[in-house]
>>> print(open('start-v9.txt').read())   # compact mmCIF, C-alpha atoms
# COMPACT_ATOMS: atom_id res chain seq x y z
CA MET A 816 0.00 0.00 0.00
CA ASP A 817 2.67 2.49 1.07
CA ARG A 818 4.81 1.59 -1.91
CA ARG A 819 1.87 2.32 -4.24
CA ILE A 820 1.23 5.70 -2.63
CA ALA A 821 4.93 6.54 -2.64
CA THR A 822 5.29 5.57 -6.30
CA SER A 823 2.26 7.60 -7.35
CA PHE A 824 3.51 10.61 -5.38
CA ILE A 825 6.98 10.40 -6.91
CA VAL A 826 5.53 9.95 -10.41
CA GLY A 827 3.10 12.82 -9.74
CA SER A 828 5.94 15.04 -8.51
CA MET A 829 8.04 14.27 -11.57
CA LEU A 830 5.07 15.04 -13.82
CA ALA A 831 4.43 18.28 -11.92
CA LEU A 832 8.07 19.22 -12.43
CA LEU A 833 8.02 18.35 -16.12
CA VAL A 834 4.67 19.92 -16.90
CA GLY A 835 4.75 22.71 -14.37
CA CYS A 836 8.27 24.01 -14.81
CA ALA A 837 8.95 27.43 -16.29
CA LYS A 838 11.82 29.89 -16.20
CA ASP A 839 10.19 33.29 -16.32
CA GLU A 840 11.24 36.67 -15.07
CA GLY A 841 9.10 39.78 -14.88
CA PRO A 842 7.01 41.78 -15.25
CA LEU A 843 9.15 44.47 -16.84
CA TYR A 844 7.33 47.77 -17.14
CA ILE A 845 8.24 49.68 -20.30
CA PRO A 846 6.13 52.83 -20.55
CA LYS A 847 5.14 53.92 -24.03
CA PRO A 848 7.42 56.64 -25.43
CA VAL A 849 6.10 60.03 -24.42
CA ASP A 850 5.67 62.71 -27.02
CA PRO A 851 7.54 65.75 -25.61
CA SER A 852 4.86 68.03 -27.01
CA GLU A 853 2.19 66.27 -24.90
CA PRO A 854 1.67 67.23 -21.26
CA ILE A 855 3.20 64.90 -18.61
CA ASP A 856 0.98 62.00 -17.51
CA THR A 857 0.02 63.32 -14.10
CA ALA A 858 -0.23 60.85 -11.21
CA TYR A 859 -3.34 61.61 -9.17
CA PHE A 860 -3.31 60.90 -5.47
CA ASN A 861 -7.01 60.39 -4.85
CA THR A 862 -7.87 58.37 -7.92
CA GLU A 863 -4.63 56.47 -8.55
CA VAL A 864 -2.49 56.29 -5.41
CA VAL A 865 -5.18 55.84 -2.75
CA PRO A 866 -6.73 52.81 -4.54
CA ILE A 867 -3.30 51.15 -4.33
CA PHE A 868 -3.22 51.77 -0.57
CA ILE A 869 -6.78 50.45 -0.20
CA GLN A 870 -5.99 47.28 -2.14
CA HIS A 871 -2.58 46.47 -0.65
CA CYS A 872 -2.07 48.40 2.59
CA TRP A 873 -5.36 49.20 4.23
CA ASN A 874 -5.75 45.73 5.70
CA CYS A 875 -2.91 46.47 8.13
CA HIS A 876 -3.13 50.27 8.10
CA PRO A 877 -6.84 50.86 8.66
CA ASP A 878 -8.68 53.76 10.33
CA MET A 879 -7.45 54.39 13.86
CA ALA A 880 -4.18 52.51 13.21
CA ALA A 881 -0.83 54.15 14.00
CA LEU A 882 -0.50 54.83 10.27
CA ASP A 883 -3.96 55.19 8.73
CA LEU A 884 -3.80 54.80 4.95
CA GLY A 885 -7.54 55.14 4.41
CA GLU A 886 -9.04 57.58 1.91
CA THR A 887 -9.50 60.50 4.29
CA GLU A 888 -6.31 60.34 6.33
CA ALA A 889 -3.65 58.91 3.99
CA TYR A 890 -2.40 62.22 2.62
CA ALA A 891 -2.19 63.92 6.01
CA ASN A 892 -0.38 60.92 7.46
CA LEU A 893 2.21 60.67 4.70
CA VAL A 894 3.37 63.92 3.18
CA ASN A 895 6.01 65.77 5.20
CA VAL A 896 5.28 63.59 8.22
CA THR A 897 8.13 62.13 10.26
CA SER A 898 8.19 58.33 10.25
CA SER A 899 7.48 56.98 13.73
CA ASN A 900 9.70 53.94 13.16
CA HIS A 901 12.49 55.67 11.27
CA ALA A 902 12.64 59.21 12.65
CA PRO A 903 13.96 61.66 11.63
CA ALA A 904 13.27 60.29 8.12
CA ILE A 905 10.13 61.64 6.44
CA ARG A 906 7.42 59.35 5.08
CA VAL A 907 6.99 61.30 1.83
CA VAL A 908 9.16 64.23 0.80
CA PRO A 909 7.53 65.92 -2.24
CA GLY A 910 9.79 65.59 -5.28
CA ASP A 911 12.48 63.58 -3.47
CA LEU A 912 12.20 59.83 -3.86
CA ASP A 913 15.42 59.03 -2.07
CA ALA A 914 14.39 60.93 1.05
CA SER A 915 10.90 59.33 1.14
CA VAL A 916 10.54 56.31 3.44
CA LEU A 917 7.40 55.22 1.54
CA TRP A 918 9.34 54.94 -1.70
CA HIS A 919 12.04 52.77 -0.10
CA LYS A 920 9.38 50.56 1.46
CA VAL A 921 7.46 49.89 -1.77
CA SER A 922 10.46 49.71 -4.08
CA GLY A 923 12.11 47.02 -1.98
CA SER A 924 15.32 48.87 -1.23
CA ASP A 925 15.68 47.37 2.28
CA THR A 926 16.85 50.76 3.55
CA TYR A 927 14.14 50.94 6.19
CA GLY A 928 13.73 47.33 7.27
CA LEU A 929 10.77 45.28 6.15
CA ASN A 930 9.63 46.10 2.62
CA MET A 931 5.93 46.63 1.98
CA PRO A 932 3.58 44.93 1.61
CA PRO A 933 5.14 42.25 3.82
CA ASN A 934 2.44 39.58 3.68
CA GLY A 935 3.32 37.91 0.42
CA THR A 936 1.28 40.11 -1.88
CA PHE A 937 3.19 42.62 -3.93
CA LEU A 938 2.69 45.79 -5.91
CA SER A 939 2.76 45.49 -9.67
CA ALA A 940 5.45 47.38 -11.54
CA GLN A 941 2.76 49.77 -12.73
CA GLU A 942 1.57 50.51 -9.21
CA VAL A 943 5.13 51.14 -8.08
CA GLN A 944 5.56 53.46 -11.06
CA THR A 945 2.40 55.38 -10.08
CA ILE A 946 3.73 56.00 -6.57
CA HIS A 947 7.09 56.93 -8.09
CA ASP A 948 5.48 59.49 -10.42
CA TRP A 949 3.26 60.91 -7.70
CA ILE A 950 6.19 61.58 -5.34
CA GLU A 951 8.39 62.87 -8.15
CA GLN A 952 5.67 65.23 -9.38
CA GLY A 953 5.49 66.87 -5.96
CA ALA A 954 3.20 64.54 -3.98
CA LEU A 955 0.16 66.70 -4.59
CA ASN A 956 -3.20 66.14 -2.95
CA ASN A 957 -4.86 66.06 -6.34
CA MET B 369 24.12 -4.67 30.01
CA ASN B 370 20.74 -5.23 28.35
CA ARG B 371 22.42 -5.96 25.08
CA TYR B 372 24.68 -8.52 26.80
CA LEU B 373 21.69 -10.28 28.38
CA ARG B 374 19.84 -10.33 25.06
CA ASN B 375 22.84 -11.87 23.30
CA CYS B 376 23.10 -14.57 26.00
CA ARG B 377 19.40 -15.34 25.59
CA VAL B 378 19.75 -15.67 21.82
CA LEU B 379 22.75 -17.96 22.26
CA LEU B 380 20.81 -20.18 24.67
CA VAL B 381 17.92 -20.49 22.22
CA ALA B 382 20.39 -21.36 19.47
CA LEU B 383 21.86 -24.18 21.51
CA LEU B 384 18.45 -25.62 22.38
CA ILE B 385 16.72 -25.28 19.01
CA PRO B 386 18.60 -26.51 15.98
CA GLY B 387 18.30 -24.57 12.72
CA THR B 388 18.12 -21.15 14.26
CA ASN B 389 21.64 -20.14 13.36
CA GLU B 390 20.45 -18.04 10.46
CA LEU B 391 18.04 -16.13 12.69
CA ILE B 392 20.75 -15.50 15.23
CA ALA B 393 23.07 -14.21 12.55
CA GLN B 394 20.36 -11.73 11.54
CA GLU B 395 19.72 -10.72 15.14
CA GLN B 396 23.39 -10.14 15.75
CA VAL B 397 24.09 -8.11 12.64
CA GLU B 398 20.95 -5.93 12.88
CA PRO B 399 22.47 -2.70 14.17
CA GLU B 400 20.70 -0.61 16.78
CA LEU B 401 19.49 2.66 15.30
CA VAL B 402 19.98 6.08 16.81
CA THR B 403 16.62 7.71 17.50
CA ASN B 404 15.44 11.19 18.41
CA THR B 405 18.20 13.11 16.66
CA PHE B 406 15.67 15.91 16.72
CA SER B 407 12.26 16.04 18.37
CA TRP B 408 10.18 16.41 15.21
CA SER B 409 10.34 17.02 11.51
CA GLN B 410 11.70 20.57 11.68
CA VAL B 411 14.46 22.27 13.65
CA ILE B 412 12.87 25.73 13.58
CA ASN B 413 12.32 26.47 9.90
CA ALA B 414 14.74 23.92 8.45
CA GLN B 415 13.69 20.32 7.89
CA THR B 416 15.29 17.67 10.11
CA VAL B 417 16.13 14.08 9.29
CA GLU B 418 13.11 12.97 11.33
CA VAL B 419 9.85 11.74 9.82
CA VAL B 420 6.55 10.84 11.50
CA PRO B 421 7.94 7.76 13.17
CA ARG B 422 5.36 5.03 12.73
CA LYS B 423 3.30 3.81 9.77
CA ARG B 424 -0.28 5.17 9.66
CA SER B 425 0.52 7.81 12.31
CA PHE B 426 -0.28 11.50 11.96
CA GLY B 427 1.53 14.73 12.60
CA PHE B 428 -0.02 18.16 12.96
CA MET B 429 1.79 21.46 13.32
CA ILE B 430 1.14 25.17 13.72
CA GLN B 431 3.96 27.54 12.84
CA HIS B 432 3.45 31.20 13.70
CA ARG B 433 5.67 34.26 13.14
CA PHE B 434 4.77 37.67 14.55
CA GLY B 435 5.78 41.11 13.22
CA ALA B 436 9.22 42.65 13.53
CA ILE B 437 10.69 44.00 16.75
CA THR B 438 12.61 47.17 16.01
CA PRO B 439 15.15 48.76 18.37
CA ASP B 440 12.93 51.73 19.26
CA LYS B 441 9.93 52.55 21.42
CA GLN B 442 7.50 51.48 18.67
CA SER B 443 8.21 47.89 19.62
CA TYR B 444 6.65 48.41 23.04
CA LYS B 445 3.61 50.11 21.49
CA GLN B 446 3.23 47.17 19.15
CA PHE B 447 3.76 44.69 21.99
CA LEU B 448 6.99 43.27 20.61
CA GLY B 449 5.51 42.81 17.16
CA LEU B 450 2.41 40.92 18.31
CA ASP B 451 0.15 43.73 17.02
CA LEU B 452 1.70 43.63 13.56
CA PRO B 453 0.69 41.40 10.63
CA ALA B 454 1.80 37.82 11.22
CA ASN B 455 2.42 34.74 9.15
CA ILE B 456 1.02 31.34 10.03
CA ARG B 457 1.19 27.88 8.57
CA PHE B 458 -0.81 24.77 9.36
CA GLY B 459 0.68 21.43 8.37
CA PHE B 460 -0.68 17.91 8.41
CA GLN B 461 1.50 14.83 8.01
CA TYR B 462 0.70 11.17 7.39
CA ALA B 463 3.21 8.35 7.60
CA VAL B 464 2.82 5.81 4.82
CA SER B 465 5.62 3.74 6.27
CA ASP B 466 7.99 3.86 9.22
CA ARG B 467 10.46 5.72 7.01
CA MET B 468 8.31 8.06 4.95
CA HIS B 469 5.59 10.62 5.38
CA PHE B 470 3.57 12.94 3.19
CA GLU B 471 2.61 16.43 4.22
CA ILE B 472 0.10 19.06 3.18
CA GLY B 473 0.32 22.61 4.49
CA ARG B 474 -1.11 26.03 4.00
CA SER B 475 0.61 29.27 4.91
CA LYS B 476 -0.74 32.79 5.00
CA ASN B 477 2.00 34.59 3.08
CA GLY B 478 1.19 34.14 -0.57
CA LYS B 479 -1.76 31.98 0.51
CA MET B 480 0.53 29.11 -0.31
CA ILE B 481 -0.54 25.47 -0.33
CA ASP B 482 2.27 22.95 -0.30
CA LEU B 483 2.52 19.21 -0.79
CA ALA B 484 5.59 17.41 0.45
CA ALA B 485 7.17 13.98 0.78
CA LYS B 486 9.98 13.08 3.13
CA ALA B 487 11.82 9.79 3.33
CA ARG B 488 14.67 8.45 5.41
CA ILE B 489 17.47 7.19 3.20
CA LEU B 490 20.04 6.13 5.80
CA ARG B 491 19.92 5.96 9.59
CA GLN B 492 22.70 6.52 12.08
CA THR B 493 23.57 3.44 14.10
CA VAL B 494 24.67 3.21 17.71
CA ASP B 495 27.77 1.18 16.80
CA ASN B 496 28.76 3.89 14.28
CA THR B 497 28.79 1.59 11.27
CA MET B 498 26.61 4.34 9.83
CA PRO B 499 27.78 7.59 11.43
CA VAL B 500 25.02 9.86 10.10
CA SER B 501 21.34 9.87 9.19
CA ILE B 502 20.35 11.02 5.71
CA THR B 503 16.87 12.06 4.65
CA GLY B 504 15.41 13.31 1.37
CA PHE B 505 12.66 15.91 1.12
CA PHE B 506 10.62 17.26 -1.78
CA ASP B 507 8.00 19.97 -1.64
CA ALA B 508 5.86 21.62 -4.31
CA GLY B 509 4.10 24.87 -3.44
CA VAL B 510 1.19 26.62 -5.15
CA MET B 511 0.70 30.32 -4.52
CA SER B 512 -3.10 30.70 -4.40
CA ASP B 513 -3.22 34.47 -3.87
CA ASP B 514 -4.59 36.68 -6.66
CA PHE B 515 -2.08 37.94 -9.18
CA PRO B 516 -1.85 41.72 -9.35
CA THR B 517 -3.34 43.35 -12.42
CA VAL B 518 -0.82 44.07 -15.16
CA GLY B 519 -1.24 46.58 -17.92
CA ALA B 520 -0.31 46.41 -21.58
CA ASP B 521 3.04 48.07 -20.93
CA ASN B 522 4.39 45.05 -19.02
CA TYR B 523 6.73 42.54 -20.60
CA PHE B 524 8.77 39.48 -19.72
CA ALA B 525 12.47 40.03 -19.11
CA ASP B 526 13.22 39.89 -22.85
CA GLY B 527 11.38 43.21 -23.15
CA THR B 528 9.34 42.09 -26.18
CA THR B 529 6.96 39.32 -25.03
CA PRO B 530 3.84 40.85 -23.44
CA PHE B 531 3.59 39.79 -19.81
CA VAL B 532 0.69 37.60 -18.73
CA TYR B 533 0.36 35.53 -15.59
CA VAL B 534 -0.27 31.81 -16.11
CA PHE B 535 -0.83 28.99 -13.64
CA LYS B 536 2.80 27.84 -13.86
CA HIS B 537 3.83 31.11 -12.27
CA ARG B 538 2.18 30.01 -9.04
CA MET B 539 4.45 26.99 -8.66
CA SER B 540 7.68 26.70 -6.72
CA TYR B 541 9.68 23.67 -5.65
CA ASN B 542 12.04 22.78 -2.87
CA THR B 543 14.29 19.72 -2.82
CA GLN B 544 16.59 18.83 0.05
CA VAL B 545 19.10 16.25 1.17
CA ILE B 546 19.60 16.43 4.92
CA VAL B 547 22.52 14.94 6.83
CA ALA B 548 22.50 14.81 10.63
CA ARG B 549 24.39 13.23 13.45
CA ARG B 550 23.44 12.83 17.07
CA PHE B 551 26.78 13.04 18.84
CA ASN B 552 25.52 12.16 22.29
CA ASP B 553 22.49 12.70 24.51
CA VAL B 554 23.10 16.45 24.45
CA ILE B 555 24.25 17.53 21.00
CA SER B 556 22.78 16.91 17.53
CA LEU B 557 24.05 18.72 14.46
CA GLN B 558 22.73 18.86 10.95
CA ALA B 559 23.48 20.29 7.51
CA ALA B 560 21.38 20.19 4.37
CA GLY B 561 21.62 21.03 0.72
CA VAL B 562 18.49 22.88 -0.38
CA ALA B 563 17.57 23.70 -3.97
CA VAL B 564 14.61 26.04 -4.36
CA TYR B 565 13.17 26.63 -7.81
CA ARG B 566 10.59 29.31 -8.57
CA ASN B 567 8.91 29.41 -11.94
CA LEU B 568 8.45 33.18 -11.85
CA VAL B 569 10.80 35.62 -10.19
CA PRO B 570 10.95 39.43 -10.08
CA LEU B 571 13.29 41.14 -12.51
CA GLY B 572 16.94 40.57 -11.70
CA ALA B 573 16.28 37.60 -9.39
CA SER B 574 17.36 34.01 -10.01
CA ASN B 575 14.88 31.15 -10.55
CA LEU B 576 17.20 28.76 -8.73
CA THR B 577 18.30 29.39 -5.16
CA ILE B 578 20.69 27.11 -3.30
CA ALA B 579 21.02 27.26 0.46
CA ILE B 580 22.87 25.22 3.08
CA PRO B 581 21.03 25.38 6.39
CA ILE B 582 23.25 24.45 9.32
CA SER B 583 21.36 23.69 12.48
CA GLY B 584 21.61 21.99 15.80
CA ARG B 585 20.11 21.06 19.12
CA ILE B 586 21.63 21.28 22.57
CA LYS B 587 19.60 19.54 25.23
CA VAL B 588 19.68 21.47 28.48
CA THR B 589 17.15 19.49 30.50
CA THR B 590 15.29 16.22 29.99
CA LYS B 591 12.59 17.95 27.98
CA GLY B 592 14.18 21.30 27.18
CA SER B 593 16.57 22.11 24.35
CA ILE B 594 18.16 25.12 22.73
CA LEU B 595 17.91 25.09 18.95
CA PHE B 596 19.72 27.16 16.39
CA GLU B 597 19.89 27.43 12.64
CA TYR B 598 21.85 29.58 10.21
CA THR B 599 21.39 29.39 6.47
CA PRO B 600 24.06 30.64 4.07
CA ILE B 601 22.49 31.37 0.68
CA VAL B 602 25.15 30.25 -1.76
CA GLU B 603 23.34 30.86 -5.06
CA GLY B 604 20.42 32.99 -6.20
CA ARG B 605 20.32 35.37 -3.25
CA SER B 606 17.61 38.04 -3.34
CA PRO B 607 19.18 41.14 -4.99
CA ASN B 608 18.20 43.26 -1.98
CA SER B 609 19.44 40.83 0.62
CA GLN B 610 22.83 40.81 2.29
CA LEU B 611 22.05 38.81 5.41
CA ASN B 612 21.50 35.07 5.78
CA PRO B 613 18.42 33.88 7.70
CA ALA B 614 19.13 32.82 11.28
CA SER B 615 16.98 31.68 14.21
CA ILE B 616 17.29 30.45 17.73
CA ALA B 617 14.61 28.77 19.80
CA TYR B 618 13.87 27.11 23.12
CA GLU B 619 12.08 23.82 22.76
CA LEU B 620 9.99 21.81 25.18
CA ALA B 621 9.42 18.32 23.87
CA THR B 622 7.58 15.33 25.23
CA LEU B 623 6.69 12.12 23.46
CA GLY B 624 4.47 13.28 20.63
CA HIS B 625 4.31 16.96 21.59
CA VAL B 626 6.72 19.79 20.78
CA PHE B 627 6.52 23.47 21.65
CA GLN B 628 9.10 26.02 20.54
CA ILE B 629 9.49 29.72 21.26
CA ILE B 630 11.49 31.36 18.49
CA VAL B 631 13.55 34.47 17.94
CA GLY B 632 13.96 34.68 14.18
CA THR B 633 14.87 37.00 11.36
CA SER B 634 12.13 36.32 8.81
CA ALA B 635 8.36 36.00 8.92
CA GLU B 636 8.54 33.50 6.08
CA ILE B 637 8.11 29.83 6.90
CA MET B 638 8.24 27.92 3.61
CA GLU B 639 11.74 27.47 2.18
CA GLN B 640 10.55 28.76 -1.22
CA ARG B 641 9.97 32.15 0.37
CA LEU B 642 12.32 32.06 3.35
CA TYR B 643 15.52 31.54 1.36
CA THR B 644 14.53 33.83 -1.50
CA SER B 645 13.43 36.91 0.46
CA SER B 646 15.36 39.40 2.55
CA ALA B 647 15.99 38.60 6.19
CA LEU B 648 15.28 41.35 8.72
CA PRO B 649 18.34 43.57 9.32
CA TYR B 650 19.25 41.72 12.51
CA ASP B 651 22.67 43.35 12.46
CA LYS B 652 20.75 46.52 13.41
CA GLY B 653 18.69 44.78 16.08
CA HIS B 654 15.58 43.85 14.08
CA VAL B 655 14.21 40.41 14.97
CA LEU B 656 10.82 38.79 15.44
CA LEU B 657 9.14 36.35 17.76
CA GLY B 658 7.31 33.20 16.80
CA PHE B 659 6.33 29.76 17.96
CA ASN B 660 5.92 26.24 16.61
CA ILE B 661 3.56 23.66 18.01
CA ALA B 662 3.72 20.10 16.75
CA ARG B 663 1.72 17.08 17.78
CA THR B 664 2.34 13.53 16.65
CA LEU B 665 -0.58 11.13 16.96
CA LEU B 666 0.91 7.66 17.08
CA VAL B 667 -1.31 4.86 15.86
CA LYS B 668 -0.80 1.36 17.22
CA PRO B 669 0.65 -1.01 14.63
CA LYS B 670 -1.80 -3.56 13.21
CA LYS B 671 -1.66 -6.95 14.91
CA PRO B 672 -0.46 -9.68 12.56
CA ARG B 673 -3.29 -12.08 11.70
>>> encode(input="start-v9.txt", output="structure tokens")
Amino acid sequence: MDRRIATSFIVGSMLALLVGCAKDEGPLYIPKPVDPSEPIDTAYFNTEVVPIFIQHCWNCHPDMAALDLGETEAYANLVNVTSSNHAPAIRVVPGDLDASVLWHKVSGSDTYGLNMPPNGTFLSAQEVQTIHDWIEQGALNN
Amino acid sequence: MNRYLRNCRVLLVALLIPGTNELIAQEQVEPELVTNTFSWSQVINAQTVEVVPRKRSFGFMIQHRFGAITPDKQSYKQFLGLDLPANIRFGFQYAVSDRMHFEIGRSKNGKMIDLAAKARILRQTVDNTMPVSITGFFDAGVMSDDFPTVGADNYFADGTTPFVYVFKHRMSYNTQVIVARRFNDVISLQAAGVAVYRNLVPLGASNLTIAIPISGRIKVTTKGSILFEYTPIVEGRSPNSQLNPASIAYELATLGHVFQIIVGTSAEIMEQRLYTSSALPYDKGHVLLGFNIARTLLVKPKKPR
């Protein structure tokens, strides 16, 4: 009995390896070339950045949490606010990615400890790019 | 002394009953095996050489890792990381023979379901004719979490093939050969070769990761032990990671029941994620707490008819 189970598991595993093996890397985000005559694609906080927080962050950063990333409080809690865990670093410095703790957390730089989100989900390259553009364009409450 | 008495008894039987010489030869050459190199199937995160020890028996485990403890006052506010998001895995094992078990588990991070098989290949003997125990382990994991949405501007690493997620991208594999030796009643040491393969990796990462977990147990009381493990990543390290995962734990073990309190450096539990992600910057004082609970339900062997 055990030999039959063991054999079927080993055969199943080998099949899974053969059928289920891939060697892929990505996704690589290549934005479409921008026509210099066209205005810059503005990143909007309320309609583009906040939905990212709601989808990926709000579960652990809800209303009343130490860092509330809900719709109403996210901006006030992020921009020009000193990080409670990494003071004196600032959570979001408008126009300065390198000085923004949020950017290091979502871009996986390891500069400020655990990268975000930490629970196995991850931001797509496009979502990371949106946060990148928003900070770089001055972190407006638009 | 017991061994001496047993040998005398066998000799006496041999003298009285003719034709038992063959049996005696078998009895005499059958070496006594070293048991309980470790208390259960994992040291802390690393697999041990142990399997669920008896055919048709069950094992059940809960592995829990809390959030990070940082060297500042926030850690007290967050109750040493207990208020922060945690990772947890439930595992269920079934022994199909005295030397092999299968396992199914589910962990929170990545909503990962894993199927594993573990088999003893060689066992250490008391007389040292076999100085070490060797065990093989294979695990296949399926990430069941939703894939993030990807737009039309996303490509595979070649930069030309449009990126789409397929089922294969959920799969990752982990194969190990584990070698351990119980030196005496106090010290057991172990090393393993671990090959982790992930079908899909982020840009710049390697599909294949090779790690060599080195771990051990020092028994300090009859039931209590100090455990440690340190895992050099020799190939395919995460591009952001400079530190190797490490953990220490205190273990309380009775027959069939194990409880461990852990100080670790990663919230990840499965090797496919543990050895491919960044460890906490423990050189700057960041660690986390966790615990493992394991229960083995031994089933009586069937009586021969």
>>> atom_distance(input="start-v9.txt", atom1="atom CA of Glu636 of chain B", atom2="atom CA of Thr897 of chain A")
28.9 Å
>>> residues_near_point(input="start-v9.txt", point="(5.2, 48.9, 2.0)", cutoff="10 Å", atoms="all atoms listed in the file", output="number ranges by chain")
A: 868, 871-872, 916-923, 929-934, 937-938
>>> closest_atom_pairs(input="start-v9.txt", of="segment 566-587 of chain B", to="segment 638-656 of chain B", cutoff="10 Å", atoms="only C-alpha atoms", output="JSON lines")
{"residue": "B:Arg566", "atom": "CA", "partner": "B:Gln640", "partner_atom": "CA", "distance": 7.4}
{"residue": "B:Val569", "atom": "CA", "partner": "B:Thr644", "partner_atom": "CA", "distance": 9.6}
{"residue": "B:Ala573", "atom": "CA", "partner": "B:Thr644", "partner_atom": "CA", "distance": 8.9}
{"residue": "B:Ser574", "atom": "CA", "partner": "B:Thr644", "partner_atom": "CA", "distance": 9.0}
{"residue": "B:Asn575", "atom": "CA", "partner": "B:Thr644", "partner_atom": "CA", "distance": 9.4}
{"residue": "B:Leu576", "atom": "CA", "partner": "B:Thr644", "partner_atom": "CA", "distance": 9.2}
{"residue": "B:Thr577", "atom": "CA", "partner": "B:Thr644", "partner_atom": "CA", "distance": 6.9}
{"residue": "B:Ile578", "atom": "CA", "partner": "B:Tyr643", "partner_atom": "CA", "distance": 8.3}
{"residue": "B:Ala579", "atom": "CA", "partner": "B:Tyr643", "partner_atom": "CA", "distance": 7.0}
{"residue": "B:Ile580", "atom": "CA", "partner": "B:Tyr643", "partner_atom": "CA", "distance": 9.8}
{"residue": "B:Pro581", "atom": "CA", "partner": "B:Tyr643", "partner_atom": "CA", "distance": 9.7}
>>> interface_residues(input="start-v9.txt", of="chain B", to="chain A", cutoff="7 Å", atoms="only C-alpha atoms", output="list of chain:residue names")
B:Gln442, B:Pro453, B:Val464, B:Ser465, B:Asn477, B:Gly478, B:Pro516, B:Val518, B:Asp521, B:Asn522, B:Tyr523, B:Phe524, B:Ala525, B:Gly527, B:Phe531, B:Lys536, B:Asn567, B:Leu568, B:Val569, B:Pro570, B:Leu571, B:Asn575, B:Asn608, B:Leu648, B:Pro649
>>> closest_residue(input="start-v9.txt", among="A:Pro851, A:Pro877, A:Pro909, A:Pro866", to="Leu893 of chain A", atoms="only C-alpha atoms")
A:Pro909
>>> atom_distance(input="start-v9.txt", atom1="atom CA of Asp507 of chain B", atom2="atom CA of Asn455 of chain B")
19.1 Å
>>> closest_residue(input="start-v9.txt", among="B:Thr405, B:Val554, B:Arg491, B:Ala563", to="Gly592 of chain B", atoms="only C-alpha atoms")
B:Val554
>>> residues_around(input="start-v9.txt", residues="Asn892 of chain A", least_positions_apart="6", cutoff="10 Å", atoms="all atoms listed in the file", output="VMD selection string")
chain A and resid 881 to 885 898 906 to 907
>>> residues_around(input="start-v9.txt", residues="segment 619-625 of chain B", least_positions_apart="3", cutoff="6 Å", atoms="all atoms listed in the file", output="list in words")
Lys591, Gly592, Ser593, Gln628, Ala662, Arg663 and Thr664 of chain B
>>> write_last_selection(input="start-v9.txt", atoms="C-alpha atoms", output="mmCIF file, in the frame of the given file")
data_model
loop_
_atom_site.group_PDB
_atom_site.id
_atom_site.type_symbol
_atom_site.label_atom_id
_atom_site.label_comp_id
_atom_site.auth_asym_id
_atom_site.auth_seq_id
_atom_site.Cartn_x
_atom_site.Cartn_y
_atom_site.Cartn_z
ATOM 1 C CA LYS B 591 12.590 17.950 27.980
ATOM 2 C CA GLY B 592 14.180 21.300 27.180
ATOM 3 C CA SER B 593 16.570 22.110 24.350
ATOM 4 C CA GLN B 628 9.100 26.020 20.540
ATOM 5 C CA ALA B 662 3.720 20.100 16.750
ATOM 6 C CA ARG B 663 1.720 17.080 17.780
ATOM 7 C CA THR B 664 2.340 13.530 16.650
#
>>> atom_distance(input="start-v9.txt", atom1="atom CA of Gln952 of chain A", atom2="atom CA of Asp911 of chain A")
9.2 Å
>>> closest_residue(input="start-v9.txt", among="A:Val894, A:Ala889, A:Val865, A:Leu955", to="Ser915 of chain A", atoms="only C-alpha atoms")
A:Val894
>>> residues_around(input="start-v9.txt", residues="segment 480-490 of chain B", least_positions_apart="2", cutoff="8 Å", atoms="only C-alpha atoms", output="ChimeraX atom specification")
/A:824 /B:417-419,467-478,492,498,500-513
